[in-house]
$ cat input-v8.cif   # mmCIF, C-alpha atoms
data_start
loop_
_atom_site.label_atom_id
_atom_site.label_comp_id
_atom_site.auth_asym_id
_atom_site.auth_seq_id
_atom_site.Cartn_x
_atom_site.Cartn_y
_atom_site.Cartn_z
CA MET M 19 52.43 -81.97 26.94
CA LEU M 20 50.11 -83.20 24.19
CA THR M 21 51.40 -85.94 21.91
CA ARG M 22 51.71 -84.68 18.30
CA ILE M 23 50.16 -86.41 15.32
CA ASP M 24 51.23 -84.80 12.04
CA LEU M 25 48.84 -85.41 9.13
CA ARG M 26 49.88 -82.46 6.95
CA ASP M 27 51.58 -84.54 4.24
CA THR M 28 49.07 -87.38 4.31
CA ASP M 29 45.55 -87.99 3.03
CA PRO M 30 44.04 -90.60 5.33
CA ASP M 31 40.43 -91.61 4.75
CA ALA M 32 37.88 -91.94 7.53
CA ARG M 33 38.85 -95.56 8.19
CA ASP M 34 42.53 -94.67 8.50
CA LEU M 35 41.72 -91.75 10.80
CA ALA M 36 39.77 -94.05 13.11
CA ALA M 37 42.99 -95.97 13.74
CA ILE M 38 45.28 -92.91 13.90
CA LEU M 39 43.40 -90.53 16.18
CA PRO M 40 43.81 -90.59 19.98
CA ARG M 41 41.46 -92.90 21.83
CA ALA M 42 41.17 -94.06 25.42
CA ASP M 43 42.34 -97.62 26.01
CA LEU M 44 39.23 -98.84 27.83
CA ASP M 45 38.25 -102.46 28.40
CA VAL M 46 34.50 -102.36 28.82
CA ALA M 47 34.35 -106.18 28.82
CA ALA M 48 36.65 -106.30 31.85
CA ALA M 49 34.60 -103.58 33.54
CA LEU M 50 31.44 -105.55 32.81
CA GLU M 51 32.94 -108.60 34.50
CA ALA M 52 33.85 -106.45 37.50
CA VAL M 53 30.39 -104.92 37.95
CA ALA M 54 28.30 -108.06 37.33
CA PRO M 55 28.58 -109.38 40.93
CA LEU M 56 27.81 -105.92 42.30
CA ILE M 57 24.70 -105.61 40.16
CA GLU M 58 23.48 -109.03 41.26
CA ASP M 59 24.17 -108.18 44.89
CA VAL M 60 22.04 -105.04 44.64
CA ARG M 61 19.28 -106.96 42.87
CA VAL M 62 19.17 -109.57 45.64
CA ARG M 63 20.00 -107.63 48.81
CA GLY M 64 18.80 -104.13 47.95
CA ALA M 65 19.67 -101.38 50.43
CA ALA M 66 22.09 -103.54 52.42
CA ALA M 67 24.16 -104.09 49.27
CA LEU M 68 24.03 -100.38 48.46
CA ARG M 69 25.40 -99.48 51.89
CA ASP M 70 28.15 -102.08 51.59
CA ALA M 71 29.10 -100.73 48.16
CA ALA M 72 29.19 -97.15 49.48
CA GLU M 73 31.50 -98.20 52.28
CA ARG M 74 33.77 -99.99 49.81
CA PHE M 75 33.91 -97.41 47.02
CA ASP M 76 32.97 -94.10 48.65
CA HIS M 77 34.50 -94.75 52.08
CA VAL M 78 31.33 -93.85 53.94
CA ARG M 79 28.28 -95.83 55.07
CA PRO M 80 25.27 -93.57 54.46
CA GLU M 81 22.71 -93.30 57.22
CA HIS M 82 20.17 -92.18 54.62
CA LEU M 83 20.24 -93.76 51.17
CA ARG M 84 17.17 -91.71 50.26
CA VAL M 85 18.20 -88.11 50.87
CA PRO M 86 15.89 -86.37 53.38
CA ALA M 87 13.91 -83.44 52.01
CA SER M 88 15.40 -81.24 54.73
CA ALA M 89 18.93 -81.86 53.36
CA ILE M 90 17.87 -80.73 49.88
CA GLU M 91 16.19 -77.63 51.28
CA ARG M 92 19.23 -76.79 53.40
CA ALA M 93 21.61 -77.19 50.46
CA LEU M 94 19.52 -74.85 48.33
CA ALA M 95 19.27 -72.26 51.10
CA GLN M 96 23.06 -72.30 51.56
CA LEU M 97 23.95 -72.24 47.86
CA ASP M 98 26.32 -69.45 46.83
CA PRO M 99 24.20 -66.76 45.09
CA ALA M 100 26.58 -66.60 42.12
CA VAL M 101 26.40 -70.37 41.63
CA ARG M 102 22.63 -70.25 41.94
CA GLU M 103 22.45 -67.53 39.29
CA GLY M 104 24.61 -69.62 36.96
CA LEU M 105 22.51 -72.74 37.50
CA GLU M 106 19.27 -70.84 36.94
CA LEU M 107 20.61 -69.44 33.67
CA SER M 108 21.72 -72.92 32.59
CA ILE M 109 18.31 -74.35 33.47
CA ALA M 110 16.56 -71.66 31.41
CA HIS M 111 18.83 -72.23 28.41
CA ASN M 112 18.43 -76.01 28.60
CA ARG M 113 14.68 -75.74 28.92
CA ALA M 114 14.43 -73.51 25.85
CA GLY M 115 16.68 -75.79 23.81
CA HIS M 116 14.85 -78.98 24.71
CA ALA M 117 11.42 -77.44 24.25
CA ALA M 118 12.44 -76.71 20.67
CA GLN M 119 13.29 -80.40 20.17
CA LEU M 120 9.95 -81.80 21.32
CA PRO M 121 8.60 -84.03 18.55
CA VAL M 122 5.06 -83.41 17.35
CA GLU M 123 2.32 -85.87 16.51
CA ARG M 124 2.16 -86.69 12.80
CA VAL M 125 -0.69 -88.20 10.81
CA THR M 126 0.13 -89.66 7.38
CA GLU M 127 -2.56 -90.92 5.00
CA VAL M 128 -0.85 -93.81 3.22
CA VAL M 129 -3.95 -94.85 1.23
CA PRO M 130 -7.43 -93.35 1.09
CA GLY M 131 -8.96 -94.03 4.49
CA GLY M 132 -5.73 -95.58 5.82
CA ARG M 133 -3.74 -93.45 8.22
CA VAL M 134 -0.55 -93.88 10.23
CA VAL M 135 -0.45 -91.85 13.44
CA GLN M 136 2.90 -91.26 15.08
CA ARG M 137 2.64 -90.28 18.75
CA TRP M 138 5.36 -89.47 21.30
CA ILE M 139 4.46 -90.48 24.85
CA PRO M 140 6.85 -89.85 27.78
CA VAL M 141 7.96 -92.77 29.91
CA ARG M 142 6.45 -92.89 33.41
CA ARG M 143 9.65 -92.94 35.48
CA VAL M 144 13.35 -92.26 34.89
CA GLY M 145 16.46 -92.80 37.01
CA LEU M 146 19.16 -90.19 36.42
CA TYR M 147 22.80 -90.39 37.47
CA ALA M 148 25.00 -87.42 38.36
CA PRO M 149 28.68 -88.33 38.89
CA GLY M 150 30.44 -87.13 42.01
CA GLY M 151 33.29 -89.51 42.72
CA LEU M 152 36.14 -87.42 41.28
CA ALA M 153 34.46 -84.05 40.81
CA VAL M 154 31.06 -82.41 41.27
CA TYR M 155 28.77 -81.90 38.28
CA PRO M 156 25.57 -79.97 38.98
CA SER M 157 25.55 -79.48 35.21
CA SER M 158 24.78 -83.20 34.88
CA VAL M 159 21.74 -82.69 37.09
CA VAL M 160 20.51 -79.86 34.87
CA MET M 161 21.23 -81.60 31.58
CA ASN M 162 19.40 -84.77 32.62
CA VAL M 163 16.49 -83.44 34.64
CA VAL M 164 15.43 -80.63 32.30
CA PRO M 165 14.83 -82.78 29.18
CA ALA M 166 12.90 -85.29 31.29
CA GLN M 167 10.72 -82.49 32.63
CA VAL M 168 10.22 -80.97 29.19
CA ALA M 169 9.25 -84.40 27.83
CA GLY M 170 6.61 -84.73 30.53
CA VAL M 171 8.10 -87.63 32.50
CA GLU M 172 5.84 -88.18 35.49
CA ARG M 173 8.40 -89.30 38.09
CA ILE M 174 12.09 -88.38 38.21
CA ALA M 175 14.63 -89.96 40.56
CA LEU M 176 18.29 -88.99 40.76
CA ALA M 177 21.33 -90.67 42.31
CA SER M 178 24.78 -89.25 43.11
CA PRO M 179 27.60 -90.76 45.18
CA PRO M 180 27.62 -90.28 48.96
CA GLN M 181 30.40 -88.03 50.22
CA ALA M 182 32.29 -88.74 53.44
CA ALA M 183 32.90 -85.01 53.81
CA PHE M 184 29.14 -84.37 53.91
CA GLY M 185 27.99 -87.10 56.26
CA GLY M 186 27.21 -89.67 53.60
CA LEU M 187 25.00 -87.36 51.53
CA PRO M 188 25.73 -86.28 47.93
CA HIS M 189 27.60 -83.02 47.46
CA PRO M 190 25.49 -80.02 48.56
CA THR M 191 25.73 -78.39 45.12
CA ILE M 192 24.19 -81.51 43.56
CA LEU M 193 21.40 -81.39 46.13
CA ALA M 194 20.90 -77.66 45.56
CA ALA M 195 20.55 -78.23 41.81
CA CYS M 196 17.91 -80.87 42.56
CA GLY M 197 16.15 -78.36 44.81
CA LEU M 198 16.16 -75.72 42.09
CA LEU M 199 14.57 -78.20 39.68
CA GLY M 200 12.03 -79.56 42.15
CA VAL M 201 13.48 -83.09 42.22
CA GLU M 202 12.52 -84.60 45.56
CA GLU M 203 13.53 -88.26 45.07
CA VAL M 204 17.31 -88.23 45.46
CA TYR M 205 19.59 -91.10 46.49
CA ALA M 206 23.07 -91.17 47.98
CA VAL M 207 24.18 -93.99 45.72
CA GLY M 208 27.06 -93.99 43.26
CA GLY M 209 28.45 -95.85 40.27
CA ALA M 210 27.29 -99.19 38.92
CA GLN M 211 25.24 -99.82 42.06
CA ALA M 212 23.06 -96.78 41.25
CA VAL M 213 22.37 -98.18 37.78
CA ALA M 214 21.44 -101.54 39.33
CA MET M 215 19.16 -99.88 41.89
CA PHE M 216 17.29 -98.03 39.16
CA ALA M 217 17.09 -101.05 36.85
CA TYR M 218 15.80 -103.59 39.37
CA GLY M 219 14.53 -101.52 42.28
CA ALA M 220 15.90 -101.99 45.78
CA ALA M 221 14.34 -103.39 48.94
CA ASP M 222 14.71 -101.32 52.08
CA ASP M 223 16.67 -102.73 55.02
CA ASP M 224 15.07 -100.86 57.90
CA GLY M 225 11.54 -102.15 57.63
CA ALA M 226 10.15 -98.70 56.88
CA PRO M 227 6.92 -98.94 54.86
CA THR M 228 7.58 -97.48 51.42
CA ALA M 229 5.30 -97.59 48.40
CA GLY M 230 6.53 -99.39 45.32
CA ARG M 231 7.51 -102.74 43.85
CA LEU M 232 10.73 -104.42 42.79
CA ALA M 233 11.75 -106.09 39.54
CA ASP M 234 13.21 -109.51 38.97
CA ALA M 235 16.01 -110.17 36.50
CA ALA M 236 13.59 -110.52 33.60
CA GLY M 237 11.90 -107.22 34.30
CA PRO M 238 8.42 -107.94 35.77
CA THR M 239 7.61 -106.46 39.13
CA ARG M 240 7.42 -108.51 42.31
CA PRO M 241 6.32 -107.65 45.86
CA ALA M 242 8.90 -106.39 48.35
CA PRO M 243 10.17 -108.90 50.93
CA ALA M 244 7.94 -109.51 53.95
CA GLY M 245 8.74 -107.22 56.86
CA GLY M 246 10.38 -104.56 54.73
CA GLY M 247 9.45 -101.86 52.29
CA VAL M 248 10.90 -100.65 49.03
CA LEU M 249 13.70 -98.13 49.05
CA CYS M 250 13.57 -97.41 45.31
CA GLU M 251 11.07 -98.48 42.69
CA ARG M 252 12.45 -99.64 39.36
CA VAL M 253 12.47 -97.13 36.50
CA ASP M 254 11.70 -97.28 32.79
CA VAL M 255 14.91 -95.58 31.60
CA VAL M 256 18.34 -95.00 33.16
CA ALA M 257 20.26 -91.97 31.90
CA GLY M 258 23.28 -89.90 32.83
CA PRO M 259 27.06 -89.85 32.37
CA GLY M 260 29.69 -91.78 34.29
CA ASN M 261 32.95 -93.67 34.11
CA VAL M 262 33.62 -96.98 32.36
CA TYR M 263 31.97 -98.92 35.19
CA VAL M 264 28.76 -96.93 34.84
CA ALA M 265 28.84 -97.58 31.09
CA ALA M 266 29.41 -101.29 31.72
CA ALA M 267 26.54 -101.40 34.20
CA LYS M 268 24.21 -99.86 31.62
CA ARG M 269 25.24 -102.55 29.15
CA ALA M 270 24.51 -105.21 31.78
CA VAL M 271 20.98 -104.02 32.58
CA ARG M 272 19.77 -102.86 29.19
CA GLY M 273 17.65 -105.99 28.77
CA ALA M 274 15.67 -105.07 31.89
CA VAL M 275 15.48 -101.31 31.44
CA GLY M 276 16.00 -98.67 28.78
CA ILE M 277 19.27 -96.71 28.75
CA ASP M 278 20.35 -93.49 27.09
CA ALA M 279 23.78 -94.62 25.84
CA GLU M 280 26.98 -96.36 26.88
CA ALA M 281 28.87 -93.10 27.21
CA GLY M 282 32.32 -93.59 28.68
CA PRO M 283 34.80 -90.98 29.93
CA THR M 284 34.29 -87.50 28.54
CA GLU M 285 36.15 -86.10 25.54
CA ILE M 286 36.59 -82.77 23.78
CA ALA M 287 38.01 -81.74 20.41
CA VAL M 288 38.95 -78.15 19.63
CA LEU M 289 39.40 -77.22 15.97
CA ALA M 290 41.49 -74.03 15.92
CA ASP M 291 43.50 -71.97 13.47
CA ALA M 292 46.36 -69.49 13.92
CA GLY M 293 43.95 -66.76 15.03
CA ALA M 294 42.70 -68.69 18.07
CA ASP M 295 43.57 -67.60 21.60
CA PRO M 296 45.82 -70.35 23.04
CA GLU M 297 44.78 -69.50 26.59
CA LEU M 298 41.09 -70.10 25.81
CA VAL M 299 41.87 -73.30 23.91
CA ALA M 300 43.99 -74.59 26.80
CA ALA M 301 41.30 -73.70 29.35
CA ASP M 302 38.68 -75.64 27.44
CA LEU M 303 40.91 -78.68 26.93
CA LEU M 304 41.53 -78.64 30.69
CA SER M 305 37.80 -78.41 31.40
CA GLN M 306 37.37 -82.02 30.30
CA ALA M 307 40.74 -83.32 31.49
CA GLU M 308 39.77 -82.56 35.09
CA HIS M 309 36.85 -85.00 34.87
CA ASP M 310 38.71 -88.29 34.67
CA PRO M 311 42.25 -89.67 34.10
CA ASN M 312 40.78 -91.33 30.98
CA ALA M 313 39.20 -88.12 29.63
CA GLY M 314 40.27 -87.18 26.11
CA SER M 315 41.43 -83.68 25.09
CA VAL M 316 42.28 -83.28 21.41
CA LEU M 317 43.50 -80.16 19.60
CA ILE M 318 43.10 -80.08 15.81
CA THR M 319 45.00 -77.23 14.16
CA ASP M 320 46.80 -76.15 10.99
CA SER M 321 49.12 -73.93 13.05
CA PRO M 322 52.20 -75.51 14.69
CA ALA M 323 52.76 -72.16 16.45
CA LEU M 324 49.32 -72.37 18.05
CA ALA M 325 49.98 -75.98 19.09
CA ASP M 326 53.20 -74.84 20.78
CA ALA M 327 51.44 -71.97 22.55
CA VAL M 328 48.60 -74.24 23.73
CA ASP M 329 51.13 -76.76 25.03
CA ALA M 330 52.87 -74.04 27.03
CA ALA M 331 49.55 -72.83 28.43
CA LEU M 332 48.56 -76.37 29.37
CA GLU M 333 51.84 -76.93 31.22
CA ARG M 334 51.32 -73.78 33.23
CA ARG M 335 47.62 -74.24 33.89
CA ALA M 336 47.72 -77.97 34.66
CA GLY M 337 49.95 -77.50 37.66
CA ALA M 338 47.65 -74.85 39.08
CA THR M 339 44.45 -76.92 38.90
CA ARG M 340 42.91 -78.47 41.96
CA HIS M 341 43.33 -81.99 40.51
CA ALA M 342 46.72 -81.56 38.87
CA GLY M 343 47.60 -85.26 38.92
CA ARG M 344 44.37 -86.31 37.26
CA VAL M 345 44.65 -83.53 34.66
CA ARG M 346 48.22 -84.46 33.75
CA ALA M 347 47.28 -88.15 33.45
CA ALA M 348 44.45 -87.26 31.07
CA LEU M 349 46.47 -84.86 28.91
CA THR M 350 49.45 -87.20 28.54
CA GLY M 351 47.42 -90.38 28.03
CA PRO M 352 46.85 -92.12 24.68
CA GLN M 353 43.38 -90.56 24.46
CA SER M 354 44.70 -86.99 24.17
CA GLY M 355 46.87 -85.23 21.61
CA ALA M 356 47.43 -82.40 19.14
CA VAL M 357 46.66 -83.23 15.50
CA LEU M 358 48.45 -81.06 12.93
CA VAL M 359 46.47 -80.73 9.70
CA ARG M 360 47.21 -79.17 6.32
CA ASP M 361 44.25 -76.77 6.29
CA THR M 362 40.79 -76.26 7.70
CA ASP M 363 39.22 -78.72 5.28
CA GLN M 364 41.47 -81.51 6.53
CA GLY M 365 40.76 -80.33 10.06
CA LEU M 366 37.03 -80.73 9.45
CA ALA M 367 37.60 -84.26 8.16
CA VAL M 368 39.57 -85.10 11.30
CA ALA M 369 36.88 -83.59 13.54
CA ASP M 370 34.18 -85.60 11.76
CA ALA M 371 36.17 -88.83 12.09
CA TYR M 372 36.90 -88.20 15.76
CA ALA M 373 33.22 -87.34 16.48
CA ALA M 374 33.87 -85.85 19.90
CA GLU M 375 31.28 -85.66 22.64
CA HIS M 376 32.15 -81.96 22.89
CA LEU M 377 33.36 -80.04 19.81
CA GLU M 378 34.50 -76.43 19.71
CA ILE M 379 35.55 -74.41 16.68
CA HIS M 380 38.00 -71.54 17.28
CA THR M 381 38.54 -70.09 13.79
#
$ encode --input "input-v8.cif" --output "structure tokens"
Amino acid sequence: MLTRIDLRDTDPDARDLAAILPRADLDVAAALEAVAPLIEDVRVRGAAALRDAAERFDHVRPEHLRVPASAIERALAQLDPAVREGLELSIAHNRAGHAAQLPVERVTEVVPGGRVVQRWIPVRRVGLYAPGGLAVYPSSVVMNVVPAQVAGVERIALASPPQAAFGGLPHPTILAACGLLGVEEVYAVGGAQAVAMFAYGAADDDGAPTAGRLADAAGPTRPAPAGGGVLCERVDVVAGPGNVYVAAAKRAVRGAVGIDAEAGPTEIAVLADAGADPELVAADLLSQAEHDPNAGSVLITDSPALADAVDAALERRAGATRHAGRVRAALTGPQSGAVLVRDTDQGLAVADAYAAEHLEIHT
């Protein structure tokens, strides 16, 4: 299933590896051209544009763009106890990890009587995105909200695509994760339009009085239109994963708002030797392939026998997944493959050159 790249009799340097290793064929420039009119539409028309975009891309016209508190409470009350336990454990682990990363104030005396003070001050407001178009990721809620809370961000807003199956609201598990974390400002808005809403703010279209101000293209705030309120106030930073269109939207708005990164489709590399369990390796490669047809799954190994066993496990497991078509597209695409290396040292060099978003070592 995975395309083979055999490097055992070669000694490519980092530059050569950059050209050899599997990569997604993504045209961010084309995606940027596609999202530019959508971003401008949201900036000008606010909530009306968001509803039109939801109808076009998510096949539902949300009654509530701002998710009612009652929907979040209901989702949390109905959450499967086992899922809740898993989310609570994840939240605790994330909180501990991020607390350990908090920078501390430093004072450096550069000359007698002359000091440099380095302070870290949290931004006032962040807009976080949790994908939900192809699959549901409460983990994205946890991994974005927790560091913002640990940093001391005053106001946290989160957006996730509306779901036709749930009456135009985000998936209940997303809402439940927000409930667990105490996030009350949640929007049923997906994709590039969510990034635009956070970057520029969005006027309401029902005349409901809402506190807040909008932003013009250059960034400064401006009053909401007469007769209407503000659906969403602009943020200081937009963060969260997404597809190539979300990445393109972040590139488009980064002059008006801070962004975390232009992260595209997810990717994983597994460095494994002959002692690895092929079933575990295959399961973890599949865990990213189910995200997106452009997701990358790369095995790096010095064992052709393991590569064969992983391939067999992938063939069997892929057909049994809920999104078999998407998984197969990801695993057979140019962004995925099995890289045969001479030894672990060469495998480490390949892993460093690939620089995966997710890296696992099974040795």
$ resolve_selection --input "input-v8.cif" --expression "the PyMOL selection byres ((chain M and resi 71-75) around 8)" --output "list in words"
Leu56, Ala67, Leu68, Arg69, Asp70, Asp76, His77, Val78, Arg79, Pro80, Pro179, Pro180, Val207, Gly208 and Gln211 of chain M
$ resolve_selection --input "input-v8.cif" --expression "the PyMOL selection byres ((chain M and resi 256) around 10)" --output "list in words"
Arg143, Val144, Gly145, Leu146, Tyr147, Ala175, Leu176, Ala212, Val213, Ala214, Phe216, Ala217, Arg252, Val253, Asp254, Val255, Ala257, Gly258, Lys268, Val271, Arg272, Val275, Gly276, Ile277, Asp278 and Ala279 of chain M
$ closest_residue --input "input-v8.cif" --among "M:Glu127, M:Glu51, M:Asp59, M:Glu203" --to "Arg269 of chain M" --atoms "all atoms listed in the file"
M:Glu51
$ residues_around --input "input-v8.cif" --residues "Val85 of chain M" --least-positions-apart "5" --cutoff "12 Å" --atoms "all atoms listed in the file" --output "JSON, numbers by chain"
{"M": [80, 90, 91, 92, 93, 175, 176, 177, 178, 179, 180, 184, 185, 186, 187, 188, 189, 190, 192, 193, 196, 197, 201, 202, 203, 204, 205, 206, 207, 249, 250]}
$ atom_distance --input "input-v8.cif" --atom1 "atom CA of Ile57 of chain M" --atom2 "atom CA of Val154 of chain M"
24.1 Å
$ atom_distance --input "input-v8.cif" --atom1 "atom CA of Glu297 of chain M" --atom2 "atom CA of Leu349 of chain M"
15.6 Å
$ residues_around --input "input-v8.cif" --residues "Ala270 of chain M" --least-positions-apart "3" --cutoff "8 Å" --atoms "only C-alpha atoms" --output "PyMOL selection string"
chain M and resi 50+54+266-267+273
$ write_last_selection --input "input-v8.cif" --atoms "C-alpha atoms" --output "CSV table (one decimal), in the coordinates of the input"
chain,number,residue,atom,x,y,z
M,50,LEU,CA,31.4,-105.6,32.8
M,54,ALA,CA,28.3,-108.1,37.3
M,266,ALA,CA,29.4,-101.3,31.7
M,267,ALA,CA,26.5,-101.4,34.2
M,273,GLY,CA,17.6,-106.0,28.8
$ residues_around --input "input-v8.cif" --residues "Trp138 of chain M" --least-positions-apart "5" --cutoff "8 Å" --atoms "all atoms listed in the file" --output "ChimeraX atom specification"
/M:121-123
$ closest_residue --input "input-v8.cif" --among "M:Glu103, M:Glu251, M:Asp320, M:Asp223" --to "Arg173 of chain M" --atoms "only C-alpha atoms"
M:Glu251
$ closest_residue --input "input-v8.cif" --among "M:Leu120, M:Leu25, M:Ala36, M:Val62" --to "Arg360 of chain M" --atoms "all atoms listed in the file"
M:Leu25
$ resolve_selection --input "input-v8.cif" --expression "the PyMOL selection byres ((chain M and resi 262) around 9)" --output "CSV table (one decimal) with C-alpha atoms, in the coordinates of the input"
chain,number,residue,atom,x,y,z
M,44,LEU,CA,39.2,-98.8,27.8
M,45,ASP,CA,38.2,-102.5,28.4
M,46,VAL,CA,34.5,-102.4,28.8
M,49,ALA,CA,34.6,-103.6,33.5
M,50,LEU,CA,31.4,-105.6,32.8
M,260,GLY,CA,29.7,-91.8,34.3
M,261,ASN,CA,33.0,-93.7,34.1
M,263,TYR,CA,32.0,-98.9,35.2
M,264,VAL,CA,28.8,-96.9,34.8
M,265,ALA,CA,28.8,-97.6,31.1
M,266,ALA,CA,29.4,-101.3,31.7
M,267,ALA,CA,26.5,-101.4,34.2
M,280,GLU,CA,27.0,-96.4,26.9
M,281,ALA,CA,28.9,-93.1,27.2
M,282,GLY,CA,32.3,-93.6,28.7
M,283,PRO,CA,34.8,-91.0,29.9
$ atom_distance --input "input-v8.cif" --atom1 "atom CA of Ala367 of chain M" --atom2 "atom CA of Gly314 of chain M"
18.4 Å
$ residues_around --input "input-v8.cif" --residues "Asp29 of chain M" --least-positions-apart "4" --cutoff "12 Å" --atoms "all atoms listed in the file" --output "PDB file with C-alpha atoms, in the frame of the given file"
ATOM      1  CA  ASP M  24      51.230 -84.800  12.040  1.00  0.00           C
ATOM      2  CA  LEU M  25      48.840 -85.410   9.130  1.00  0.00           C
ATOM      3  CA  ARG M  33      38.850 -95.560   8.190  1.00  0.00           C
ATOM      4  CA  ASP M  34      42.530 -94.670   8.500  1.00  0.00           C
ATOM      5  CA  LEU M  35      41.720 -91.750  10.800  1.00  0.00           C
ATOM      6  CA  ILE M  38      45.280 -92.910  13.900  1.00  0.00           C
ATOM      7  CA  VAL M 359      46.470 -80.730   9.700  1.00  0.00           C
ATOM      8  CA  ARG M 360      47.210 -79.170   6.320  1.00  0.00           C
ATOM      9  CA  ASP M 361      44.250 -76.770   6.290  1.00  0.00           C
ATOM     10  CA  ASP M 363      39.220 -78.720   5.280  1.00  0.00           C
ATOM     11  CA  GLN M 364      41.470 -81.510   6.530  1.00  0.00           C
ATOM     12  CA  GLY M 365      40.760 -80.330  10.060  1.00  0.00           C
ATOM     13  CA  ALA M 367      37.600 -84.260   8.160  1.00  0.00           C
ATOM     14  CA  VAL M 368      39.570 -85.100  11.300  1.00  0.00           C
TER      15      VAL M 368
END
$ closest_residue --input "input-v8.cif" --among "M:Ala42, M:Ala338, M:Asp310, M:Asn112" --to "Gly150 of chain M" --atoms "only C-alpha atoms"
M:Asp310
$ residues_around --input "input-v8.cif" --residues "Ala342 of chain M" --least-positions-apart "6" --cutoff "10 Å" --atoms "only C-alpha atoms" --output "ChimeraX atom specification"
/M:307-308,335-336,348
$ closest_residue --input "input-v8.cif" --among "M:Ala210, M:Pro322, M:Val135, M:Arg102" --to "Arg61 of chain M" --atoms "only C-alpha atoms"
M:Ala210
$ closest_residue --input "input-v8.cif" --among "M:Ser108, M:Gln136, M:Asn162, M:Thr319" --to "Leu358 of chain M" --atoms "all atoms listed in the file"
M:Thr319
$ build_atoms --input "input-v8.cif" --residues "segment 364-369 of chain M" --atoms "all heavy atoms" --output "PDB file, keeping the file's coordinate frame"
ATOM      1  N   GLN M 364      40.988 -80.266   5.931  1.00  0.00           N
ATOM      2  CA  GLN M 364      41.470 -81.510   6.530  1.00  0.00           C
ATOM      3  C   GLN M 364      41.128 -81.553   8.018  1.00  0.00           C
ATOM      4  O   GLN M 364      40.808 -82.612   8.563  1.00  0.00           O
ATOM      5  CB  GLN M 364      42.986 -81.662   6.327  1.00  0.00           C
ATOM      6  CG  GLN M 364      43.472 -83.049   6.731  1.00  0.00           C
ATOM      7  CD  GLN M 364      44.971 -83.239   6.529  1.00  0.00           C
ATOM      8  OE1 GLN M 364      45.761 -82.320   6.770  1.00  0.00           O
ATOM      9  NE2 GLN M 364      45.366 -84.427   6.085  1.00  0.00           N
ATOM     10  N   GLY M 365      41.149 -80.383   8.649  1.00  0.00           N
ATOM     11  CA  GLY M 365      40.760 -80.330  10.060  1.00  0.00           C
ATOM     12  C   GLY M 365      39.321 -80.751  10.278  1.00  0.00           C
ATOM     13  O   GLY M 365      39.001 -81.458  11.243  1.00  0.00           O
ATOM     14  N   LEU M 366      38.437 -80.331   9.360  1.00  0.00           N
ATOM     15  CA  LEU M 366      37.030 -80.730   9.450  1.00  0.00           C
ATOM     16  C   LEU M 366      36.879 -82.237   9.279  1.00  0.00           C
ATOM     17  O   LEU M 366      36.082 -82.881   9.975  1.00  0.00           O
ATOM     18  CB  LEU M 366      36.214 -79.999   8.378  1.00  0.00           C
ATOM     19  CG  LEU M 366      35.992 -78.512   8.610  1.00  0.00           C
ATOM     20  CD1 LEU M 366      35.395 -77.860   7.365  1.00  0.00           C
ATOM     21  CD2 LEU M 366      35.090 -78.286   9.814  1.00  0.00           C
ATOM     22  N   ALA M 367      37.654 -82.816   8.359  1.00  0.00           N
ATOM     23  CA  ALA M 367      37.600 -84.260   8.160  1.00  0.00           C
ATOM     24  C   ALA M 367      38.049 -85.004   9.412  1.00  0.00           C
ATOM     25  O   ALA M 367      37.464 -86.023   9.795  1.00  0.00           O
ATOM     26  CB  ALA M 367      38.463 -84.666   6.958  1.00  0.00           C
ATOM     27  N   VAL M 368      39.085 -84.491  10.058  1.00  0.00           N
ATOM     28  CA  VAL M 368      39.570 -85.100  11.300  1.00  0.00           C
ATOM     29  C   VAL M 368      38.515 -84.973  12.399  1.00  0.00           C
ATOM     30  O   VAL M 368      38.237 -85.932  13.132  1.00  0.00           O
ATOM     31  CB  VAL M 368      40.902 -84.463  11.738  1.00  0.00           C
ATOM     32  CG1 VAL M 368      41.280 -84.896  13.151  1.00  0.00           C
ATOM     33  CG2 VAL M 368      42.012 -84.836  10.759  1.00  0.00           C
ATOM     34  N   ALA M 369      37.907 -83.801  12.512  1.00  0.00           N
ATOM     35  CA  ALA M 369      36.880 -83.590  13.540  1.00  0.00           C
ATOM     36  C   ALA M 369      35.692 -84.515  13.326  1.00  0.00           C
ATOM     37  O   ALA M 369      35.140 -85.076  14.282  1.00  0.00           O
ATOM     38  CB  ALA M 369      36.438 -82.137  13.549  1.00  0.00           C
TER      39      ALA M 369
END
